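Content type mmCIF, C-alpha atoms, from the file query18.cif:
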```
data_data
#
loop_
_atom_site.label_atom_id
_atom_site.label_comp_id
_atom_site.auth_asym_id
_atom_site.auth_seq_id
_atom_site.Cartn_x
_atom_site.Cartn_y
_atom_site.Cartn_z
CA MET A 1 -26.24 1.68 15.56
CA ALA A 2 -28.35 -1.01 17.25
CA SER A 3 -32.09 -0.61 17.55
CA PRO A 4 -33.45 0.13 21.07
CA SER A 5 -34.83 -3.39 21.37
CA ASP A 6 -31.47 -4.96 20.48
CA SER A 7 -29.21 -2.58 22.42
CA LEU A 8 -27.51 -3.39 25.71
CA LEU A 9 -28.75 0.02 26.87
CA LYS A 10 -32.11 -0.56 28.52
CA TYR A 11 -34.95 1.39 26.89
CA ASP A 12 -38.44 2.10 28.15
CA ARG A 13 -41.60 1.32 26.28
CA LYS A 14 -42.27 3.46 23.23
CA PHE A 15 -45.11 5.98 23.12
CA LYS A 16 -46.80 8.21 20.59
CA ILE A 17 -46.48 11.97 20.31
CA ASP A 18 -49.46 14.16 19.42
CA ARG A 19 -48.11 16.11 16.43
CA LYS A 20 -50.56 18.95 17.01
CA SER A 21 -49.94 19.58 20.69
CA GLY A 22 -46.45 18.05 20.83
CA SER A 23 -47.35 16.13 24.00
CA ARG A 24 -47.41 12.42 24.80
CA SER A 25 -50.52 10.53 23.91
CA SER A 26 -50.34 8.68 27.22
CA GLN A 27 -50.39 10.50 30.51
CA VAL A 28 -46.99 9.69 31.92
CA SER A 29 -45.25 12.01 34.35
CA VAL A 30 -41.63 13.01 33.77
CA ASP A 31 -39.44 13.34 36.89
CA SER A 32 -36.00 14.90 37.24
CA THR A 33 -34.20 11.55 36.88
CA GLU A 34 -35.95 10.94 33.59
CA GLU A 35 -35.09 14.44 32.42
CA ASN A 36 -31.42 13.87 33.23
CA LEU A 37 -31.46 10.54 31.45
CA ASN A 38 -33.06 12.17 28.42
CA PHE A 39 -30.32 14.80 28.51
CA ILE A 40 -27.59 12.16 28.55
CA PHE A 41 -29.40 9.81 26.17
CA PRO A 42 -31.68 11.73 23.79
CA PRO A 43 -34.86 9.74 23.10
CA LYS A 44 -35.16 7.86 19.80
CA GLU A 45 -37.74 9.28 17.39
CA TRP A 46 -39.11 7.77 14.18
CA MET A 47 -42.21 7.82 12.01
CA ASP A 48 -44.51 4.82 11.78
CA GLY A 49 -47.59 5.05 9.60
CA GLY A 50 -47.63 8.83 9.78
CA GLN A 51 -47.38 8.68 13.58
CA LEU A 52 -44.37 10.05 15.47
CA LEU A 53 -43.09 7.46 17.94
CA VAL A 54 -40.60 8.15 20.73
CA GLN A 55 -38.65 5.74 22.92
CA GLN A 56 -36.39 6.81 25.77
CA VAL A 57 -34.06 4.94 28.08
CA SER A 58 -35.56 3.30 31.11
CA ALA A 59 -35.51 5.07 34.45
CA ASP A 60 -35.97 1.82 36.35
CA PRO A 61 -33.02 0.65 38.49
CA SER A 62 -31.41 -2.63 37.49
CA THR A 63 -31.49 -5.62 39.80
CA GLU A 64 -28.53 -7.87 40.48
CA ALA A 65 -30.03 -10.51 38.19
CA GLU A 66 -30.34 -7.94 35.39
CA VAL A 67 -26.67 -6.99 35.79
CA VAL A 68 -25.64 -10.66 35.54
CA ASN A 69 -27.90 -11.00 32.48
CA LEU A 70 -26.27 -7.91 31.01
CA GLN A 71 -22.85 -9.56 31.23
CA GLU A 72 -24.19 -12.74 29.63
CA ARG A 73 -25.80 -10.75 26.81
CA LEU A 74 -22.51 -8.92 26.21
CA ASP A 75 -20.55 -12.17 25.95
CA ARG A 76 -23.17 -13.68 23.66
CA LYS A 77 -23.25 -10.65 21.34
CA LEU A 78 -19.44 -10.54 21.19
CA LYS A 79 -19.44 -14.19 20.14
CA GLU A 80 -22.30 -13.82 17.65
CA GLY A 81 -20.71 -10.72 16.12
CA GLU A 82 -17.33 -12.53 15.89
CA ALA A 83 -15.71 -9.55 17.58
CA SER A 84 -11.93 -9.45 17.50
CA GLN A 85 -10.20 -9.47 20.88
CA THR A 86 -7.33 -7.29 19.66
CA GLY A 87 -6.86 -4.32 17.38
CA ILE A 88 -9.60 -2.03 16.12
CA CYS A 89 -12.92 -3.88 15.95
CA PRO A 90 -16.13 -1.91 15.19
CA VAL A 91 -18.31 -4.70 16.63
CA ARG A 92 -16.42 -4.82 19.93
CA ARG A 93 -16.33 -1.05 20.19
CA GLU A 94 -20.09 -0.71 19.57
CA LEU A 95 -21.00 -3.37 22.14
CA TYR A 96 -18.75 -1.93 24.84
CA SER A 97 -20.11 1.52 24.04
CA GLN A 98 -23.62 0.20 24.65
CA LEU A 99 -22.44 -1.45 27.87
CA PHE A 100 -20.87 1.79 29.09
CA ASP A 101 -24.10 3.64 28.27
CA GLU A 102 -26.08 1.12 30.32
CA LEU A 103 -23.70 1.51 33.26
CA ILE A 104 -24.04 5.29 33.00
CA ARG A 105 -27.82 4.87 33.02
CA GLN A 106 -27.69 2.74 36.16
CA VAL A 107 -25.32 5.15 37.94
CA THR A 108 -27.43 8.18 36.93
CA ILE A 109 -30.54 6.65 38.49
CA SER A 110 -28.78 6.29 41.85
CA CYS A 111 -26.68 9.49 41.58
CA VAL A 112 -27.27 12.06 38.86
CA GLU A 113 -23.97 13.86 39.45
CA ARG A 114 -21.89 10.70 38.99
CA GLY A 115 -23.92 9.86 35.90
CA LEU A 116 -23.23 13.26 34.35
CA LEU A 117 -19.51 12.89 35.10
CA LEU A 118 -19.46 9.47 33.50
CA ALA A 119 -21.24 10.93 30.47
CA ARG A 120 -18.43 13.48 30.18
CA VAL A 121 -15.90 10.66 30.42
CA ARG A 122 -17.80 8.84 27.67
CA GLU A 123 -17.71 11.86 25.35
CA GLU A 124 -14.02 12.47 26.01
CA ASN A 125 -13.26 8.80 25.41
CA LYS A 126 -15.24 8.94 22.17
CA LYS A 127 -13.23 11.96 21.00
CA THR A 128 -9.97 10.18 21.85
CA VAL A 129 -10.96 7.01 20.03
CA ASP A 130 -12.17 9.01 17.01
CA SER A 131 -8.82 10.81 16.93
CA TYR A 132 -6.96 7.49 17.05
CA GLN A 133 -9.16 6.15 14.28
CA LYS A 134 -8.46 9.18 12.11
CA LEU A 135 -4.76 8.77 12.81
CA HIS A 136 -4.99 5.07 12.02
CA LYS A 137 -6.77 5.76 8.72
CA SER A 138 -4.19 8.41 7.89
CA LEU A 139 -1.34 5.99 8.60
CA VAL A 140 -3.03 3.25 6.58
CA SER A 141 -3.52 5.65 3.68
CA PHE A 142 0.10 6.74 3.94
CA GLY A 143 1.21 3.11 4.04
CA VAL A 144 -0.88 2.28 0.97
CA ARG A 145 0.48 5.31 -0.89
CA ARG A 146 4.04 4.41 0.10
CA GLN A 147 3.51 0.81 -0.96
CA LEU A 148 2.13 1.92 -4.32
CA GLN A 149 5.04 4.33 -4.70
CA ALA A 150 7.52 1.57 -3.84
CA HIS A 151 5.78 -0.76 -6.28
CA GLN A 152 6.03 1.90 -8.99
CA GLU A 153 9.69 2.48 -8.14
CA ASN A 154 10.35 -1.26 -8.32
CA THR A 155 8.54 -1.40 -11.66
CA ASP A 156 10.65 1.48 -12.97
CA LEU A 157 13.84 -0.16 -11.68
CA GLU A 158 12.92 -3.49 -13.26
CA LYS A 159 12.19 -1.68 -16.51
CA ARG A 160 15.53 0.14 -16.32
CA ILE A 161 17.35 -3.12 -15.53
CA SER A 162 15.68 -4.74 -18.54
CA GLU A 163 16.72 -1.81 -20.73
CA LEU A 164 20.31 -1.98 -19.46
CA ARG A 165 20.42 -5.73 -20.06
CA LYS A 166 19.18 -5.20 -23.60
CA GLU A 167 21.73 -2.42 -24.08
CA LYS A 168 24.47 -4.70 -22.74
CA GLN A 169 23.37 -7.47 -25.12
CA ASP A 170 23.42 -5.06 -28.05
CA LEU A 171 26.86 -3.76 -27.08
CA THR A 172 28.10 -7.34 -26.71
CA GLU A 173 26.86 -8.15 -30.20
CA GLN A 174 28.48 -4.98 -31.55
CA LEU A 175 31.74 -5.92 -29.81
CA LYS A 176 31.64 -9.39 -31.38
CA THR A 177 31.01 -7.84 -34.78
CA LEU A 178 33.85 -5.33 -34.34
CA ARG A 179 36.23 -8.06 -33.17
CA ALA A 180 35.29 -10.20 -36.16
CA GLN A 181 35.83 -7.24 -38.49
CA SER A 182 39.13 -6.45 -36.80
CA SER A 183 40.25 -10.06 -37.12
CA GLU A 184 39.25 -10.10 -40.79
CA ASN A 185 41.01 -6.79 -41.44
CA GLU A 186 44.12 -8.05 -39.67
CA LYS A 187 44.05 -11.25 -41.74
CA ARG A 188 43.70 -9.27 -44.94
CA GLU A 189 46.50 -6.93 -43.89
CA ASN A 190 48.77 -9.87 -43.12
CA GLU A 191 47.92 -11.43 -46.48
CA ARG A 192 48.61 -8.10 -48.20
CA ARG A 193 51.94 -7.70 -46.42
CA LEU A 194 52.89 -11.28 -47.23
CA GLY A 195 51.95 -10.78 -50.87
CA GLU A 196 53.85 -7.51 -50.95
CA ALA A 197 56.91 -9.16 -49.41
CA GLU A 198 56.75 -12.00 -51.94
CA ARG A 199 56.35 -9.52 -54.81
CA ARG A 200 59.35 -7.50 -53.63
CA ALA A 201 61.35 -10.67 -53.15
CA LYS A 202 60.56 -11.66 -56.73
CA GLU A 203 61.46 -8.21 -57.97
CA ILE A 204 64.76 -8.34 -56.08
CA GLN A 205 65.42 -11.77 -57.46
CA LEU A 206 64.64 -10.57 -60.97
CA LEU A 207 66.91 -7.56 -60.46
CA LYS A 208 69.69 -9.83 -59.22
CA GLU A 209 69.25 -12.15 -62.18
CA SER A 210 69.15 -9.14 -64.53
CA ASN A 211 72.26 -7.78 -62.88
CA GLU A 212 74.05 -11.10 -63.30
CA GLN A 213 73.08 -11.20 -66.95
CA ILE A 214 74.38 -7.67 -67.49
CA LYS A 215 77.65 -8.56 -65.75
CA ALA A 216 78.02 -11.64 -67.93
CA GLN A 217 77.43 -9.62 -71.05
CA LEU A 218 79.96 -7.03 -69.93
CA PHE A 219 82.55 -9.73 -69.24
CA LYS A 220 81.98 -11.09 -72.75
CA ILE A 221 82.53 -7.69 -74.24
CA ILE A 222 85.54 -6.71 -72.07
CA LEU A 223 87.52 -9.97 -72.10
CA PRO A 224 88.00 -10.19 -75.93
CA LYS A 225 89.37 -6.66 -75.99
CA LYS A 226 91.99 -7.49 -73.32
CA SER A 227 93.14 -10.53 -75.28
CA LEU A 228 93.86 -8.34 -78.32
#
```
Could you write out this file's structure as structure tokens?
Amino acid sequence: MASPSDSLLKYDRKFKIDRKSGSRSSQVSVDSTEENLNFIFPPKEWMDGGQLLVQQVSADPSTEAEVVNLQERLDRKLKEGEASQTGICPVRRELYSQLFDELIRQVTISCVERGLLLARVREENKKTVDSYQKLHKSLVSFGVRRQLQAHQENTDLEKRISELRKEKQDLTEQLKTLRAQSSENEKRENERRLGEAERRAKEIQLLKESNEQIKAQLFKIILPKKSL
């Protein structure tokens, strides 16, 4: 909130309040216009050296030159505050709020009823903007939470992918080992079968040779008997 001296809303001179009587230290009359302005724009109060000071908005009408100066001050403050021209900008909102307050002040001086209506419009507009800001904050919070959730989900998926890749690598190594073992077992089995076949072939050959020898011995025994 800008100080009265720095605000676009025109303030009157400050005055002291007698803390005992509660009245102004200076004898200044308060008319109906000033009362209405004080209703729309409650006076600023602060303590200074143990003395209560009060400053209220000015009840003096603005001249054409002051209105032109008001526009120039607005443009200068927007530039100095580096206000954004789009989106939600607290600096721009505050300055235009001060400008609207000053316009309400000027209208109230010339017509109290229009000023009070504009004050109602100001309050309604403030409620609407506050609602949009709350909605915006809620959406931003939701977006942040969703982004964090998505990041966590991506992290979990990457972790799962890494685990599956490791599992695949382990299974591939196991498959290579099993294939090597199978190949070795098959080689040994083939060697065993070949050795077994050779052994049987030798046994058969020995049996054949033994059989031939037995036949020859039988012929030797039988043939002499026939000759007799």
Compile the contact shell of region 130-144 of chain A as a list of chain:residue names: residues with an atom at most 12 Å away, counting all atoms listed in the file, same-chain residues fewer than 3 positions apart removed.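 Skipping anything fewer than 3 positions along the chain leaves A:Gly87, A:Ile88, A:Cys89, A:Pro90, A:Arg93, A:Glu123, A:Glu124, A:Asn125, A:Lys126, A:Lys127, A:Gln147, A:Leu148, A:Gln149, A:Ala150, A:His151.
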Print the selection's residues with C-alpha atoms to a file, as a CSV table (one decimal), in the frame of the given file.
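And here's part-v6.csv as it stands now:
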```csv
chain,number,residue,atom,x,y,z
A,87,GLY,CA,-6.9,-4.3,17.4
A,88,ILE,CA,-9.6,-2.0,16.1
A,89,CYS,CA,-12.9,-3.9,16.0
A,90,PRO,CA,-16.1,-1.9,15.2
A,93,ARG,CA,-16.3,-1.0,20.2
A,123,GLU,CA,-17.7,11.9,25.4
A,124,GLU,CA,-14.0,12.5,26.0
A,125,ASN,CA,-13.3,8.8,25.4
A,126,LYS,CA,-15.2,8.9,22.2
A,127,LYS,CA,-13.2,12.0,21.0
A,147,GLN,CA,3.5,0.8,-1.0
A,148,LEU,CA,2.1,1.9,-4.3
A,149,GLN,CA,5.0,4.3,-4.7
A,150,ALA,CA,7.5,1.6,-3.8
A,151,HIS,CA,5.8,-0.8,-6.3
```
How many Å lie between CA of Arg122 (chain A) and CA of Arg13 (chain A), rounded to one decimal?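 Taking CA of Arg122 (chain A) as the start and CA of Arg13 (chain A) as the end point, the length is 25.0 Å.
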Which neighbours of region 65-79 of chain A fall inside 8 Å, counting only C-alpha atoms, when residues of the same chain fewer than 2 positions from it are skipped, and could you give them as a ChimeraX atom specification? /A:8,62-63,81-83,91-92,95,99
Could you pull the residues within 12 Å of Ala119 (chain A), counting all atoms listed in the file, minus those fewer than 2 positions along the same chain, as a list in words?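 What passes the distance filter is Asn36, Leu37, Phe39, Ile40, Phe41, Ser97, Phe100, Asp101, Glu102, Leu103, Ile104, Arg105, Gln106, Val107, Thr108, Val112, Glu113, Arg114, Gly115, Leu116, Leu117, Val121, Arg122, Glu123, Glu124, Asn125 and Lys126 of chain A.
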Residue nearest Tyr11 (chain A) - candidates A:Arg192, A:Arg199, A:Arg160, A:Lys44, atoms counted: all atoms listed in the file: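 Using all atoms listed in the file, Tyr11 (chain A) sits closest to A:Lys44.
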CA of Ser32 (chain A) to CA of Gln98 (chain A), straight-line distance in Å: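 These atoms are spaced 23.0 Å apart.
Separating CA of Gln181 (chain A) from CA of Ala197 (chain A) is a distance of 23.8 Å.
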